[in-house]
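Here's structure-v9.cif, which has mmCIF, C-alpha atoms:
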data_data
#
loop_
_atom_site.group_PDB
_atom_site.id
_atom_site.type_symbol
_atom_site.label_atom_id
_atom_site.label_comp_id
_atom_site.auth_asym_id
_atom_site.auth_seq_id
_atom_site.Cartn_x
_atom_site.Cartn_y
_atom_site.Cartn_z
ATOM 1 C CA MET A 140 0.000 0.000 0.000
ATOM 2 C CA GLU A 141 1.246 3.459 -0.883
ATOM 3 C CA ARG A 142 2.131 6.109 1.630
ATOM 4 C CA TYR A 143 2.219 9.852 1.041
ATOM 5 C CA THR A 144 5.966 10.428 1.121
ATOM 6 C CA LEU A 145 5.860 14.176 1.697
ATOM 7 C CA GLY A 146 3.853 13.692 4.887
ATOM 8 C CA TYR A 147 1.618 16.131 6.729
ATOM 9 C CA ASP A 148 3.984 18.013 9.034
ATOM 10 C CA ALA A 149 3.965 21.817 9.211
ATOM 11 C CA SER A 150 6.730 22.370 6.641
ATOM 12 C CA SER A 151 5.126 19.977 4.130
ATOM 13 C CA LEU A 152 1.756 21.633 4.628
ATOM 14 C CA ALA A 153 3.276 25.091 4.136
ATOM 15 C CA PHE A 154 4.936 23.878 0.931
ATOM 16 C CA VAL A 155 1.742 22.465 -0.652
ATOM 17 C CA SER A 156 -0.421 25.340 0.616
ATOM 18 C CA ARG A 157 1.618 27.798 -1.478
ATOM 19 C CA ARG A 158 0.452 26.100 -4.678
ATOM 20 C CA THR A 159 -2.133 28.014 -6.683
ATOM 21 C CA LEU A 160 -3.968 27.310 -9.909
ATOM 22 C CA GLU A 161 -1.838 29.946 -11.610
ATOM 23 C CA SER A 162 1.490 28.603 -10.319
ATOM 24 C CA HIS A 163 0.830 24.844 -10.523
ATOM 25 C CA GLY A 164 -2.169 24.431 -12.808
ATOM 26 C CA ALA A 165 -1.890 27.147 -15.451
ATOM 27 C CA PHE A 166 -2.035 24.428 -18.137
ATOM 28 C CA PHE A 167 -5.612 23.661 -16.984
ATOM 29 C CA ILE A 168 -7.011 27.216 -17.033
ATOM 30 C CA ASP A 169 -7.874 27.248 -20.749
ATOM 31 C CA TYR A 170 -10.144 24.222 -20.235
ATOM 32 C CA LEU A 171 -12.242 25.874 -17.525
ATOM 33 C CA ARG A 172 -15.637 27.414 -18.351
ATOM 34 C CA PRO A 173 -18.443 28.894 -16.272
ATOM 35 C CA GLY A 174 -20.952 26.299 -15.151
ATOM 36 C CA MET A 175 -18.580 23.317 -15.296
ATOM 37 C CA ARG A 176 -18.523 20.518 -12.776
ATOM 38 C CA VAL A 177 -14.861 19.799 -11.925
ATOM 39 C CA LEU A 178 -13.161 17.195 -9.732
ATOM 40 C CA ASP A 179 -9.768 17.837 -8.092
ATOM 41 C CA VAL A 180 -8.264 14.485 -7.036
ATOM 42 C CA GLY A 181 -5.604 14.704 -4.335
ATOM 43 C CA CYS A 182 -6.646 18.273 -3.504
ATOM 44 C CA GLY A 183 -4.580 18.555 -0.320
ATOM 45 C CA PRO A 184 -5.322 21.804 1.540
ATOM 46 C CA GLY A 185 -7.433 23.143 -1.345
ATOM 47 C CA SER A 186 -5.195 25.998 -2.466
ATOM 48 C CA ILE A 187 -5.512 24.985 -6.139
ATOM 49 C CA THR A 188 -9.147 23.916 -5.825
ATOM 50 C CA VAL A 189 -10.280 27.392 -4.765
ATOM 51 C CA GLY A 190 -8.531 28.781 -7.840
ATOM 52 C CA ILE A 191 -10.530 26.403 -10.015
ATOM 53 C CA ALA A 192 -13.694 27.538 -8.252
ATOM 54 C CA SER A 193 -12.933 31.158 -9.120
ATOM 55 C CA ARG A 194 -12.750 30.272 -12.839
ATOM 56 C CA ILE A 195 -16.003 28.335 -13.195
ATOM 57 C CA GLY A 196 -18.526 30.932 -12.017
ATOM 58 C CA ASP A 197 -21.751 29.182 -11.087
ATOM 59 C CA GLY A 198 -20.119 25.793 -11.642
ATOM 60 C CA ARG A 199 -18.995 23.450 -8.896
ATOM 61 C CA VAL A 200 -15.631 21.964 -8.000
ATOM 62 C CA ILE A 201 -15.238 19.051 -5.619
ATOM 63 C CA GLY A 202 -11.866 18.378 -4.048
ATOM 64 C CA VAL A 203 -11.125 14.836 -2.923
ATOM 65 C CA ASP A 204 -8.242 13.743 -0.739
ATOM 66 C CA ILE A 205 -7.486 10.484 1.038
ATOM 67 C CA SER A 206 -6.569 12.382 4.218
ATOM 68 C CA ASP A 207 -9.405 13.663 6.406
ATOM 69 C CA SER A 208 -7.042 16.287 7.843
ATOM 70 C CA GLN A 209 -6.424 17.679 4.344
ATOM 71 C CA VAL A 210 -10.165 17.765 3.630
ATOM 72 C CA ARG A 211 -10.721 19.818 6.801
ATOM 73 C CA LEU A 212 -7.910 22.205 5.823
ATOM 74 C CA ALA A 213 -9.359 22.562 2.323
ATOM 75 C CA GLU A 214 -12.789 23.375 3.762
ATOM 76 C CA GLN A 215 -11.141 26.049 5.909
ATOM 77 C CA THR A 216 -9.217 27.419 2.915
ATOM 78 C CA ALA A 217 -12.471 27.809 0.965
ATOM 79 C CA ALA A 218 -14.264 29.374 3.945
ATOM 80 C CA ASP A 219 -11.402 31.812 4.579
ATOM 81 C CA GLN A 220 -11.529 32.935 0.942
ATOM 82 C CA GLY A 221 -15.328 33.104 0.801
ATOM 83 C CA VAL A 222 -15.508 30.429 -1.899
ATOM 84 C CA ALA A 223 -19.011 28.951 -1.984
ATOM 85 C CA ASN A 224 -18.822 26.778 -5.113
ATOM 86 C CA ALA A 225 -16.192 24.358 -3.780
ATOM 87 C CA ALA A 226 -16.852 21.290 -1.660
ATOM 88 C CA PHE A 227 -14.439 18.752 -0.233
ATOM 89 C CA GLN A 228 -14.666 15.133 0.817
ATOM 90 C CA SER A 229 -12.529 12.160 1.654
ATOM 91 C CA GLY A 230 -11.931 9.710 -1.136
ATOM 92 C CA ASN A 231 -9.475 7.320 -2.711
ATOM 93 C CA ALA A 232 -8.208 7.800 -6.279
ATOM 94 C CA TYR A 233 -8.766 4.082 -6.906
ATOM 95 C CA ASP A 234 -12.416 4.164 -5.826
ATOM 96 C CA LEU A 235 -13.866 7.641 -6.243
ATOM 97 C CA PRO A 236 -17.171 8.171 -4.394
ATOM 98 C CA PHE A 237 -19.090 9.304 -7.492
ATOM 99 C CA GLU A 238 -21.304 7.741 -10.116
ATOM 100 C CA ASP A 239 -20.151 7.423 -13.716
ATOM 101 C CA ALA A 240 -19.949 10.458 -16.017
ATOM 102 C CA GLN A 241 -20.376 13.158 -13.346
ATOM 103 C CA PHE A 242 -17.656 15.683 -14.234
ATOM 104 C CA ASP A 243 -16.792 17.899 -17.191
ATOM 105 C CA ALA A 244 -13.146 18.051 -16.177
ATOM 106 C CA LEU A 245 -10.764 16.435 -13.718
ATOM 107 C CA PHE A 246 -7.571 17.928 -12.312
ATOM 108 C CA SER A 247 -4.828 16.265 -10.297
ATOM 109 C CA HIS A 248 -1.532 17.769 -9.203
ATOM 110 C CA ALA A 249 1.338 15.864 -7.561
ATOM 111 C CA LEU A 250 -0.656 12.695 -6.893
ATOM 112 C CA ILE A 251 0.318 10.173 -9.563
ATOM 113 C CA GLU A 252 3.936 9.888 -8.386
ATOM 114 C CA HIS A 253 2.661 8.500 -5.076
ATOM 115 C CA LEU A 254 0.533 5.739 -6.614
ATOM 116 C CA ALA A 255 1.602 2.131 -7.148
ATOM 117 C CA GLU A 256 -1.185 1.660 -9.720
ATOM 118 C CA PRO A 257 -1.487 4.895 -11.717
ATOM 119 C CA VAL A 258 -3.356 3.264 -14.624
ATOM 120 C CA ARG A 259 -5.971 1.968 -12.191
ATOM 121 C CA ALA A 260 -6.439 5.505 -10.841
ATOM 122 C CA MET A 261 -6.654 6.985 -14.342
ATOM 123 C CA ARG A 262 -9.303 4.404 -15.292
ATOM 124 C CA GLU A 263 -11.268 5.669 -12.327
ATOM 125 C CA PHE A 264 -10.716 9.252 -13.504
ATOM 126 C CA LEU A 265 -12.075 8.284 -16.924
ATOM 127 C CA ARG A 266 -15.089 6.580 -15.332
ATOM 128 C CA VAL A 267 -16.251 9.725 -13.529
ATOM 129 C CA LEU A 268 -15.684 12.025 -16.525
ATOM 130 C CA LYS A 269 -18.518 12.790 -18.904
ATOM 131 C CA PRO A 270 -17.938 11.736 -22.525
ATOM 132 C CA GLY A 271 -15.610 14.330 -24.017
ATOM 133 C CA GLY A 272 -14.444 15.407 -20.565
ATOM 134 C CA VAL A 273 -10.901 16.611 -19.926
ATOM 135 C CA MET A 274 -8.362 15.107 -17.531
ATOM 136 C CA SER A 275 -5.438 17.405 -16.664
ATOM 137 C CA VAL A 276 -2.715 15.797 -14.596
ATOM 138 C CA ALA A 277 0.640 17.200 -13.514
ATOM 139 C CA THR A 278 3.266 15.268 -11.670
ATOM 140 C CA PRO A 279 7.010 15.699 -11.335
ATOM 141 C CA ASP A 280 9.615 13.517 -12.941
ATOM 142 C CA TRP A 281 12.675 13.415 -10.741
ATOM 143 C CA GLY A 282 14.825 12.394 -13.701
ATOM 144 C CA GLY A 283 14.480 15.925 -15.034
ATOM 145 C CA PHE A 284 15.167 17.894 -11.865
ATOM 146 C CA LEU A 285 18.007 20.380 -11.884
ATOM 147 C CA TYR A 286 19.438 21.615 -8.633
ATOM 148 C CA GLY A 287 22.583 23.336 -7.530
ATOM 149 C CA PRO A 288 25.118 24.370 -6.613
ATOM 150 C CA PRO A 289 26.604 20.867 -6.510
ATOM 151 C CA SER A 290 26.729 19.438 -3.025
ATOM 152 C CA SER A 291 27.212 15.896 -1.807
ATOM 153 C CA ASP A 292 24.729 16.558 1.012
ATOM 154 C CA LEU A 293 22.069 17.816 -1.403
ATOM 155 C CA THR A 294 22.632 14.898 -3.769
ATOM 156 C CA ALA A 295 22.385 12.447 -0.866
ATOM 157 C CA ALA A 296 19.159 14.088 0.369
ATOM 158 C CA VAL A 297 17.543 13.898 -3.079
ATOM 159 C CA LYS A 298 18.575 10.256 -3.506
ATOM 160 C CA ALA A 299 17.221 9.408 -0.035
ATOM 161 C CA PHE A 300 13.850 11.020 -0.812
ATOM 162 C CA GLU A 301 13.666 9.206 -4.156
ATOM 163 C CA ALA A 302 14.394 5.873 -2.480
ATOM 164 C CA LEU A 303 11.788 6.535 0.217
ATOM 165 C CA GLN A 304 9.118 7.378 -2.347
ATOM 166 C CA VAL A 305 9.841 4.160 -4.252
ATOM 167 C CA ARG A 306 9.666 2.157 -0.988
ATOM 168 C CA ASN A 307 6.345 3.870 -0.265
ATOM 169 C CA GLY A 308 4.924 2.514 -3.528
ATOM 170 C CA GLY A 309 5.399 5.500 -5.829
ATOM 171 C CA ASP A 310 7.393 6.191 -8.962
ATOM 172 C CA VAL A 311 9.681 9.223 -8.951
ATOM 173 C CA ASN A 312 10.059 9.028 -12.733
ATOM 174 C CA VAL A 313 6.380 8.773 -13.648
ATOM 175 C CA GLY A 314 6.115 12.266 -15.129
ATOM 176 C CA CYS A 315 7.544 11.227 -18.487
ATOM 177 C CA LYS A 316 5.188 8.223 -18.568
ATOM 178 C CA LEU A 317 1.890 10.113 -18.215
ATOM 179 C CA SER A 318 0.876 9.893 -21.884
ATOM 180 C CA GLN A 319 1.297 6.135 -22.043
ATOM 181 C CA LEU A 320 -0.452 5.670 -18.706
ATOM 182 C CA ALA A 321 -3.429 7.696 -19.946
ATOM 183 C CA ILE A 322 -3.579 5.669 -23.160
ATOM 184 C CA ASP A 323 -3.376 2.444 -21.158
ATOM 185 C CA ALA A 324 -6.253 3.720 -18.993
ATOM 186 C CA GLY A 325 -8.450 4.258 -22.060
ATOM 187 C CA PHE A 326 -8.068 7.940 -22.864
ATOM 188 C CA GLU A 327 -8.194 8.499 -26.613
ATOM 189 C CA GLN A 328 -6.777 11.981 -27.185
ATOM 190 C CA VAL A 329 -3.639 12.505 -25.138
ATOM 191 C CA MET A 330 -1.271 15.454 -25.070
ATOM 192 C CA GLN A 331 1.783 15.715 -22.835
ATOM 193 C CA ARG A 332 4.080 18.651 -22.344
ATOM 194 C CA ALA A 333 6.862 19.619 -19.977
ATOM 195 C CA LEU A 334 6.076 22.430 -17.575
#

Representation of the structure as structure tokens:
Amino acid sequence: MERYTLGYDASSLAFVSRRTLESHGAFFIDYLRPGMRVLDVGCGPGSITVGIASRIGDGRVIGVDISDSQVRLAEQTAADQGVANAAFQSGNAYDLPFEDAQFDALFSHALIEHLAEPVRAMREFLRVLKPGGVMSVATPDWGGFLYGPPSSDLTAAVKAFEALQVRNGGDVNVGCKLSQLAIDAGFEQVMQRAL
């Protein structure tokens, strides 16, 4: 069973709470329209989800996260920002708590790298999307990270995190595999680009 490698301590929460739709989901903005029904899988503290809500007018976005603590934080994020068209609930990417064909679009940021069965999750994403719906997924690929200046301590820390994520069931190099995973899950029109 996978484990969320980043964890839920204060520094990890501060890191993921700084994400916004504009900074970490700009590639998704052009797909958003007023009145849409959108699902954000792995929403964390809701900082991106509330950005989606602001772009869909009278539409509705639902953020789902496996962690109840993250769902509560996301609800607070929405309340603090006065966002009324966002809701949050606990859920598992492998077994989403929705009927078939419920959403116009699905967004997921920094989730797939933590999953041992990403195709299974993407099949579930496809199931809850309406015909013609859009899935937008972003996930890092550690094989493409650049960092510096060179340091043996920094290199050792990166290698240790990579090894931990693999032990936890994830794939640190999944970013470059997203297109094939989506095709394997049944998506017909697939586009991948580096961000």

**OP:** Apply the PyMOL selection byres ((chain A and resi 199) around 6) to the file shown and report the selected residues as a ChimeraX atom specification.
**Re:** /A:176,198,200,224-225

Using only C-alpha atoms, find each residue in stretch 245-316 of chain A having at least one atom no more than 10 Å away from stretch 154-174 of chain A; report its shortest atom-to-atom pair and that distance in Å (one decimal), rows by chain then rising number, as a Markdown table.
| residue | atom | partner | partner_atom | distance |
| --- | --- | --- | --- | --- |
| A:Leu245 | CA | A:Phe167 | CA | 9.5 |
| A:Phe246 | CA | A:Phe167 | CA | 7.7 |
| A:Ser247 | CA | A:Gly164 | CA | 8.9 |
| A:His248 | CA | A:His163 | CA | 7.6 |
| A:Ala249 | CA | A:His163 | CA | 9.5 |
| A:Gly272 | CA | A:Tyr170 | CA | 9.8 |
| A:Val273 | CA | A:Tyr170 | CA | 7.7 |
| A:Met274 | CA | A:Phe167 | CA | 9.0 |
| A:Ser275 | CA | A:Phe167 | CA | 6.3 |
| A:Val276 | CA | A:Phe167 | CA | 8.7 |
| A:Ala277 | CA | A:Gly164 | CA | 7.8 |
| A:Thr278 | CA | A:His163 | CA | 9.9 |

Original post:
Once the PyMOL selection byres ((chain A and resi 222) around 12) has been applied to the shown file, what residues remain in the selection, as an MDAnalysis selection string?
Top reply: chainID A and resid 185:186 188:201 213:221 223:227

Subject >> Chain and number of each residue from the PyMOL selection byres ((chain A and resi 270) around 12), as number ranges by chain >> reply: A: 239-244, 264-269, 271-274, 326-327

Original post:
Mind pulling up the distance from atom CA of A:Leu254 to atom CA of A:Gly283?
Top reply: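 Computing it gives 19.2 Å between the two atoms.
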
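Distance check against A:Leu250 using only C-alpha atoms: of A:Leu212, A:Leu145, A:Ala295, A:Ala302, the minimum falls on A:Leu145.
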
Subject >> Interatomic distance, atom CA of A:Val180 to atom CA of A:Leu285 (Å, one decimal) >> reply: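 Atom CA of A:Leu285 lies 27.4 Å from atom CA of A:Val180.
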
With 8 Å of padding per side, what axis-aligned box (centre and edge lengths, Å, one decimal) covers all the listed atoms of stretch 144-156 of chain A? Give it as JSON.
{"center_x": 3.2, "center_y": 17.9, "center_z": 4.3, "size_x": 23.2, "size_y": 30.9, "size_z": 25.9}

**OP:** Could you please determine the separation between atom CA of A:Gln209 and atom CA of A:Pro184 in Å, to one decimal place?
**Re:** 5.1 Å

**OP:** Have a look at A:Val258, A:Val210, A:Cys182, A:Ala149 and name the one nearest to A:Gln319; count only C-alpha atoms.
**Re:** A:Val258
